[in-house]
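K.L.:
Structure incoming, see below.
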Amino acid sequence: FRSRSDDSEDTELRFVTCQSLWNQIKSETEQIQEDLNKQLLDNLVSFLSRSHSEFQAKTTEWTCRMKFREIPTAALVLGVNVTDHDLTFRGLSDVLQDNITPFIALLEAKDCAGIKNLMQKLMGQLMNCDVDVDSLEDEDCVQVSQNRIRCSMSSLISWYESVTKKTDSETPSKKRNSFSRHWQSPPVVVIFKDMESFTTKVLQDFIVISSQHIHELPLVLIFGIATSPMIIHRLLPHSVSSLLCIELFQSLSCKEHLSTIIDKLLLTSRFPFKLGEKVLQVLINIFLYHDFSVQNFIKGFQLCIVEHFYSQPLSVLCCQLVDVKKRVYSLSHDQCENIRRLPSFRRYVEKQEAGKQVALLTNDSFLKEEAEKLLEDLHVYHENYVSILRCLHVFTSSLPKYPLGKQIRELHCACLENRVWETEEYESSLQLARMLNKTDLVTMLQQCVEILRSSSGKEFDKTVEKLKEFLTQFQNLEAEASQERDVSVSSQKELQKKTDLYHLQKTLLELKESRRSKKLTKFEMLRFEVVDYIDSLVRKYLVPADDRTLHEIVYFNAATVLRGHLNAAPRTALHTALNNPHWYLKNQALKCDGGGISNKAPDICIVYKLHLECGRLINLVDWLEAFSTVVMAAEEPNADAASSDQVDDIIHARFIRAISEMELLGFIKPSKQKTDHVARLTWGGC
Amino acid sequence: MPNLEHPAYPAADLLHLESLVPCRESQVSMLLSIFGERQQFSFPSIFIYGHTSSGKTYVMQTLLTTLQLPHVFVNCVEYFTSRLLLEEILIQLQSSSSDKEQTCPVHCDTLNDFVRLFKQAVASQELQDQTLYIVLDRAEQLREMEANILPAFLRLQELTDRNVTVVLLSEIVWELFRPNVGCFEPFTMYFPDYSIGHLQKILSQNHPPEYSADFYSAYINILLGVFYMVCRDLKELRHLAALNFAKYCEPVVRGEANERDTRKLWKNIEPHLKKAMQTVYLREISSSQWERLQHDGGEPGQLKGLSAHTHVELPYYSKFLLIAAYLASYNPVRTDKRFFLKHHGKIRKTNFMKKHEKTSNHLLGPKPFPLDRLLAILYSIVDNRVAPTANIFSQITSLVTLQLLSMVGQNDQLDGPRYKCTVSLDFIRAVAR
């Protein structure tokens with residue numbers, strides 16, 4: 001922060017604010033994740049405690065004798081977002097450590113190339129975790145290091161026996177908290193983090209071995225599965241999978257996870273920092289199109305925060321409302337100038353009358369007062385925005401075909417982008433809303449009332465009143481509806497009475513009239529009213545943030561910067577570097593115009609440009625010829641053609657070096673098809 | 001029925017042995033005659049093979065323990081390296097004879113050491129007068145260890161000059177073991193599969209104490225009727241029998257039928273067993289879940305099996321990448337131009353040929369394709385422009401780790417890696433939806 005911005009822009013304060021904000025958000029997301037995983041973890045814990053209860057009881061019943069012991073196995077389907085799994089597993093092992101057993105081993109496929117490595121890793125982890133628990137016994141460590149030489153199941157079993165025996169003999173007066181929570185013989189949990197990547201043989205061998213010792217060692221396996229549980233059957237033959245007692249656990253889908261994160265982080269007025277529409281779109285696109293990783297989403301969010309506080313000097317005002325006043329008044333003159341330079345503020349100034357304009361532009365203290373007021377407005381706007389957005393979402397999410405999107409995040413994006421009521425989708429969704437049936441409408445209104453009531457905004461009392469009024473009107477309608485039916489029946493009866501042709505025609509006409517007018521029954525009228533009222537709410541509160549004054553302070557909108565950071569494009573970058581070295585080297589001499597090949601460029605750039613013009617096989621001699629022509633082009637004025645013989649050696653060397661650099665970068669490779677040719681490995685100029 | 005007779009062993013032991021190994025009397029008597037008396041030298045190595053759960057391990061173990069012959073029993077899968085295997089044998093030898101805790105860590109890296117230490121161990125235990133049996137279960141693993149292990153075990157008697165017999169147990173025939181340099185030929189012996197009658201007899205032997213043997217054997221009869229077609233594995237059958245017996249007894253417990261009412265019981269249990277065959281046997285749902293279901297009396301339909309969850313959620317571009325990979329794997333290269341280019345040439349009328357090709361392509365399995373082709377197809381099947389960002393490339397790698405694609409010939413990373421698509425048509429259909 002310090003490095004580029006001068007001190008007048010409150011760098012220190014900005015840095016501190018950024019830090020504290022991020023810490024808040026981080027703890028919030030961790031809390032959310034914990035809550036989301038709770039269900040899954042609880043299920044797993046109960047499974048684990050159940051699975052080894054049989055081992056505890058050591059039942060000698062007939063059925064238990066007859067069944068061969070299967071290894072209890074939990075198949076944990078976690079979805080394809082592999083980057084998020086680490087967090088889940090960490091949470092899982094923490095929970096298990098607290099509740100079930102201290103013996104947990106986390107295995108990854110990359111460490112377990114063979115059964116030997118697997119056993120080594122397993123024993124290392126198990127015995128280390130034991131040392132953590134019993135940190136008192138020093139002689140135990142020595143024993144462990146001796147044991148490690150023999151990595152076999154039998155030594156593992158003897159270790160397990162010694163450990164459990166030791167805990168048995170331990171007196172309760174020792175107050176060993178960690179063990180009092182566990183059972184007498186806690187199970188050994190082995191977690192295979194990425195089931196897919198394990199080789200079949202290793203898994204099979206391990207399962208066969210451990211199934212033979214299940215009586216001595218209460219083992220529980222947990223398979224982390226990214227794709228589908230079918231993978232178990234694909235990896236393991238029936239003879240092996242019949243040794244397992246598999247139960248399936250499914251984690252929450254990552255899309256739901258993301259929705260909750262967005263809901264809790266973005267659609268709330270708790271955090272002063274906001275994402276602009278484009279930025280949010282970039283983040284969501286990366287999530288949906290590329291990785292499904294919530295972790296990456298949060299990392300992107302973090303990047304946005306850092307970038308915002310770094311690049312926007314006024315972000316010092318992006319803090320909780322209580323601090324705003326103090327900070328506004330301590331702004332320096334430069335910062336005031338910064339405020340005046342904001343486009344949204346300029347627009348605001350232009351709308352004011354002349355005297356105020358002058359005051360705003362010249363008087364710092366007046367500006368500060370005004371800015372504080374505006375910021376407060378902005379805060380109130382956010383509060384209202386979120387509640388009304390939720391109400392609108394209640395309406396739109398139940399419409400057929402979801403013209404405004406199924407998820408609230410889509411609606412949020414639409415509202416941020418521009419005036420939502422000017423879009424076609426909004427128009428069509430209102431049309432659809434006008435055709436809702438009564439029960440749906442009533443439940444929606446009730447939901448809206450709930451949302452508005454729970455929101456902190458003060459302006460909604462009237463709105464709630466109004467909505468409640470609608471609800472009572474709907475209830476009244478029900479009573480009236482029965483009466484109406486009577487009326488229509490009586491008119492029908494009248495029709496049957498009259499037989500006169502003229503009268504008949506007349507009554508028919510009347511009936512027709514009444515039907516046409518009846519098309520708008522009271523219910524329909526009311527429905528229109530409700531929809532219009534919602535529409536008015538939307539127009540009032542869901543103004544896009546870009547229209548608000550001083551939105552630049554809290555909104556981060558630099559989508560291109562973010563995209564540049566998150567969507568790395570190695571091929572494109574390499575191409576630009578070689579094709580247009582000025583882009584990276586910032587050397588004026590290299591600035592070239594279009595297609596020409598400058599001879600001042602680095603050799604490799606010249607070689608690269610020349611090779612772009614060639615086909616799949618490139619003749620080295622021709623290439624060298626072209627290279628020397630380009631290089632010589634500049635030297636021709638001062639050096640005559642006779643000296644070309646002497647220069648050729650140097651050029652040749654430069655050429656060869658450039659070629660080998662190209663080969664290193666993977667653009668070409670020597671070809672065996674033709675002598676003196678190299679094959680091109682890229683196609684069509686990227 | 002051939003009664004077991006051998007002069008060297010007491011008749012009571014033999015009778016007990018006979019009751020423990022039903023339907024294997026002939027094999028046991030054969031083994032006994034090979035073993036001879038305790039102090040007699042036996043055949044140096046015996047190779048026993050037979051299908052899964054034909055009682056090889058069980059018979060050997062009961063034979064050796066009932067007759068109290070000195071033996072060492074080692075599973076070669078468990079001791080996966082030669083060092084572990086040899087050390088384990090020595091440890092068992094030490095601990096079997098001397099009760100006192102003198103099991104100092106044995107270090108034995110080579111067979112030479114093994115022979116030396118083995119001689120010491122045998123000498124210290126006054127076993128010279130008795131034949132020592134070393135049983136190597138799952139002996140097929142020996143082939144994957146060092147080349148000298150298997151031949152050495154086969155002639156261990158000769159190498160150590162002690163009274164020792166090595167018994168190899170395996171599921172595959174001896175011909176697949178024989179090293180190409182030649183070795184000592186062991187005495188081979190075959191354990192045939194149990195017939196349905198044998199299975200019936202063995203399964204009925206362990207009846208629960210609360211019910212009579214007849215009742216249980218009737219149940220076993222029904223069970224075998226359902227499962228014999230798909231499963232002849234004794235262990236598995238016994239497991240299934242134990243799982244479903246509670247359900248079979250239900251009418252009796254409720255008092256609706258007595259133990260002789262076989263027909264009624266059959267009607268009660270048969271659909272249940274069929275369901276079990278589709279679920280528990282295939283490990284679609286676990287046996288503990290099955291037991292809980294029985295207990296609650298719920299329908300198995302509520303519990304979805306493992307294969308019910310086939311749907312995999314993938315990010316947008318991963319889906320397209322996978323589809324592109326599938327297309328690249330199963331379409332020949334020369335059709336690419338026609339399928340993926342906007343202005344392709346006329347389609348020649350080789351419909352008949354094409355149809356023939358299409359069927360065979362799926363039978364032939366996926367073909368490898370280079371990365372560039374995958375990307376080219378991706379660009380043509382995705383509507384909007386796709387930037388070749390690092391994200392796309394990392395998705396390809398993550399698809400490989402998920403085993404949806406597999407990499408072929410990883411030797412040359414620079415030279416354009418080649419991939420194969422490993423998913424089925426059904427999966428792709430589900431993804432493409």
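In the structure tokens, each chain is lettered A, B, ... as it comes, each chain's residues begin at 1, and ligands are numbered from 1 in order of appearance.
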Write out as a PyMOL selection string each polymer residue whose atoms come within 10 Å of Glu663 (chain A), counting only C-alpha atoms; drop sequence neighbours fewer than 5 positions from it.
P.N.:
(chain A and resi 657-658+668-670+678+680-681) or (chain B and resi 414)
K.L.:
For C-alpha atoms, I'd like the residues from the last selection saved as a PDB file, in the first residue's frame.
P.N.:
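Written out: selection.pdb:
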ATOM      1  CA  ARG A 657      20.385 -19.744 -29.632  1.00  0.00           C
ATOM      2  CA  ALA A 658      16.989 -18.370 -30.557  1.00  0.00           C
ATOM      3  CA  ILE A 668       9.131 -26.533 -32.378  1.00  0.00           C
ATOM      4  CA  LYS A 669      10.837 -29.904 -32.180  1.00  0.00           C
ATOM      5  CA  PRO A 670      13.385 -31.635 -34.376  1.00  0.00           C
ATOM      6  CA  VAL A 678      11.914 -28.814 -37.642  1.00  0.00           C
ATOM      7  CA  ARG A 680       5.987 -26.833 -35.641  1.00  0.00           C
ATOM      8  CA  LEU A 681       3.986 -27.827 -32.581  1.00  0.00           C
TER       9      LEU A 681
ATOM     10  CA  LEU B 414       6.150 -30.951 -24.700  1.00  0.00           C
TER      11      LEU B 414
END
K.L.:
Output the contact residues of chain A with respect to chain B at a cut-off of 8 Å, based on only C-alpha atoms, as number ranges by chain.
P.N.:
A: 62-63, 66-68, 79-80, 115-116, 150, 152-153, 196-197, 205, 208-209, 226-230, 238, 241-242, 244-248, 287-292, 567-572, 666, 669, 681
K.L.:
Enumerate as an NGL selection string all residues of region 537-672 of chain A assigned to alpha helix (DSSP H) by DSSP on the backbone, naming them with the chain letters and numbers the document uses.
P.N.:
:A and (537-541 or 551-554 or 559-566 or 570-579 or 582-585 or 603-612 or 620-635 or 644-665)
K.L.:
Using only C-alpha atoms, which residues sit within 9 Å of region 252-259 of chain A once same-chain residues fewer than 4 positions away are excluded, as a PyMOL selection string?
P.N.:
(chain A and resi 32-33+36-37+40+78-81+263-264+287-288+292-294+297+407-409) or (chain B and resi 313)
K.L.:
If you run DSSP on the backbone here, which positions in region 84-133 of chain A get strand (DSSP E or B)? Please write them as a list in words.
P.N.:
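For region 84-133 of chain A, the strand (DSSP E or B) set is Ile104, Ala105, Leu106 and Leu107 of chain A.
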K.L.:
Export, as a compact mmCIF listing (two decimals), in the first residue's frame, the selected residues with all heavy atoms.
P.N.:
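Wrote it out as again_36.txt, contents follow:
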# COMPACT_ATOMS: atom_id res chain seq x y z
N ILE A 104 -6.40 -40.98 13.47
CA ILE A 104 -6.90 -40.64 12.14
C ILE A 104 -5.72 -40.54 11.19
O ILE A 104 -4.70 -39.93 11.52
CB ILE A 104 -7.66 -39.31 12.15
CG1 ILE A 104 -8.89 -39.42 13.03
CG2 ILE A 104 -8.09 -38.92 10.75
CD1 ILE A 104 -9.54 -38.12 13.33
N ALA A 105 -5.85 -41.17 10.07
CA ALA A 105 -4.81 -41.03 9.05
C ALA A 105 -5.46 -40.53 7.78
O ALA A 105 -6.47 -41.03 7.35
CB ALA A 105 -4.15 -42.38 8.81
N LEU A 106 -4.86 -39.48 7.23
CA LEU A 106 -5.36 -38.93 5.97
C LEU A 106 -4.39 -39.35 4.87
O LEU A 106 -3.21 -39.02 4.93
CB LEU A 106 -5.38 -37.41 6.05
CG LEU A 106 -6.61 -36.75 6.64
CD1 LEU A 106 -6.30 -35.33 7.02
CD2 LEU A 106 -7.73 -36.77 5.64
N LEU A 107 -4.88 -40.10 3.91
CA LEU A 107 -3.98 -40.57 2.87
C LEU A 107 -4.33 -39.90 1.55
O LEU A 107 -5.50 -39.73 1.22
CB LEU A 107 -4.11 -42.08 2.72
CG LEU A 107 -3.71 -42.88 3.96
CD1 LEU A 107 -3.93 -44.34 3.70
CD2 LEU A 107 -2.26 -42.62 4.30
K.L.:
Neighbouring residues of Arg347 (chain A) were defined as those with any atom within 10 Å, considering only C-alpha atoms; residues of the same chain fewer than 3 positions away were excluded. Please report them as a VMD selection string.
P.N.:
chain A and resid 342 to 344 350 to 352 547 to 549
K.L.:
Just the selected residues (all heavy atoms), exported as an mmCIF file, in the first residue's frame, please.
P.N.:
data_model
loop_
_atom_site.group_PDB
_atom_site.id
_atom_site.type_symbol
_atom_site.label_atom_id
_atom_site.label_comp_id
_atom_site.auth_asym_id
_atom_site.auth_seq_id
_atom_site.Cartn_x
_atom_site.Cartn_y
_atom_site.Cartn_z
ATOM 1 N N LEU A 342 -14.809 12.239 -8.328
ATOM 2 C CA LEU A 342 -15.623 11.056 -8.615
ATOM 3 C C LEU A 342 -16.736 11.385 -9.596
ATOM 4 O O LEU A 342 -17.436 12.383 -9.415
ATOM 5 C CB LEU A 342 -16.261 10.525 -7.322
ATOM 6 C CG LEU A 342 -15.326 9.908 -6.297
ATOM 7 C CD1 LEU A 342 -16.133 9.487 -5.086
ATOM 8 C CD2 LEU A 342 -14.583 8.743 -6.884
ATOM 9 N N PRO A 343 -16.927 10.617 -10.626
ATOM 10 C CA PRO A 343 -17.958 10.924 -11.608
ATOM 11 C C PRO A 343 -19.352 11.008 -10.992
ATOM 12 O O PRO A 343 -20.133 11.897 -11.359
ATOM 13 C CB PRO A 343 -17.873 9.782 -12.609
ATOM 14 C CG PRO A 343 -16.821 8.860 -12.153
ATOM 15 C CD PRO A 343 -16.115 9.461 -11.007
ATOM 16 N N SER A 344 -19.636 10.115 -10.063
ATOM 17 C CA SER A 344 -20.978 10.132 -9.502
ATOM 18 C C SER A 344 -21.208 11.405 -8.681
ATOM 19 O O SER A 344 -22.294 11.960 -8.661
ATOM 20 C CB SER A 344 -21.204 8.913 -8.624
ATOM 21 O OG SER A 344 -20.454 9.028 -7.438
ATOM 22 N N GLU A 350 -23.867 18.657 -10.298
ATOM 23 C CA GLU A 350 -24.517 19.343 -11.414
ATOM 24 C C GLU A 350 -26.009 19.511 -11.178
ATOM 25 O O GLU A 350 -26.629 20.444 -11.678
ATOM 26 C CB GLU A 350 -24.293 18.555 -12.711
ATOM 27 C CG GLU A 350 -22.980 18.938 -13.381
ATOM 28 C CD GLU A 350 -22.484 17.852 -14.298
ATOM 29 O OE1 GLU A 350 -23.328 17.090 -14.800
ATOM 30 O OE2 GLU A 350 -21.258 17.757 -14.500
ATOM 31 N N LYS A 351 -26.562 18.577 -10.399
ATOM 32 C CA LYS A 351 -28.000 18.672 -10.163
ATOM 33 C C LYS A 351 -28.365 19.727 -9.121
ATOM 34 O O LYS A 351 -29.521 20.108 -9.013
ATOM 35 C CB LYS A 351 -28.523 17.308 -9.708
ATOM 36 C CG LYS A 351 -28.869 16.404 -10.885
ATOM 37 C CD LYS A 351 -29.468 15.112 -10.384
ATOM 38 C CE LYS A 351 -28.877 13.959 -11.161
ATOM 39 N NZ LYS A 351 -28.830 12.745 -10.362
ATOM 40 N N GLN A 352 -27.397 20.148 -8.311
ATOM 41 C CA GLN A 352 -27.706 21.109 -7.252
ATOM 42 C C GLN A 352 -27.773 22.530 -7.825
ATOM 43 O O GLN A 352 -27.297 22.798 -8.919
ATOM 44 C CB GLN A 352 -26.617 21.065 -6.169
ATOM 45 C CG GLN A 352 -26.306 19.688 -5.659
ATOM 46 C CD GLN A 352 -27.516 19.020 -5.034
ATOM 47 O OE1 GLN A 352 -28.291 19.667 -4.341
ATOM 48 N NE2 GLN A 352 -27.698 17.739 -5.309
ATOM 49 N N ASP A 547 -26.180 4.517 -10.044
ATOM 50 C CA ASP A 547 -26.850 5.806 -10.048
ATOM 51 C C ASP A 547 -26.705 6.535 -8.724
ATOM 52 O O ASP A 547 -27.054 7.700 -8.620
ATOM 53 C CB ASP A 547 -28.345 5.617 -10.339
ATOM 54 C CG ASP A 547 -28.563 5.133 -11.749
ATOM 55 O OD1 ASP A 547 -27.549 4.986 -12.457
ATOM 56 O OD2 ASP A 547 -29.708 4.895 -12.132
ATOM 57 N N ARG A 548 -26.235 5.822 -7.720
ATOM 58 C CA ARG A 548 -26.134 6.453 -6.412
ATOM 59 C C ARG A 548 -24.858 7.284 -6.346
ATOM 60 O O ARG A 548 -23.821 6.908 -6.886
ATOM 61 C CB ARG A 548 -26.103 5.417 -5.283
ATOM 62 C CG ARG A 548 -27.226 4.450 -5.300
ATOM 63 C CD ARG A 548 -28.533 5.114 -5.004
ATOM 64 N NE ARG A 548 -28.545 5.768 -3.709
ATOM 65 C CZ ARG A 548 -29.653 6.144 -3.093
ATOM 66 N NH1 ARG A 548 -30.827 5.924 -3.668
ATOM 67 N NH2 ARG A 548 -29.596 6.738 -1.935
ATOM 68 N N THR A 549 -24.961 8.367 -5.631
ATOM 69 C CA THR A 549 -23.776 9.195 -5.453
ATOM 70 C C THR A 549 -22.791 8.496 -4.520
ATOM 71 O O THR A 549 -23.202 7.818 -3.589
ATOM 72 C CB THR A 549 -24.186 10.544 -4.853
ATOM 73 O OG1 THR A 549 -25.334 10.987 -5.549
ATOM 74 C CG2 THR A 549 -23.082 11.549 -5.010
#
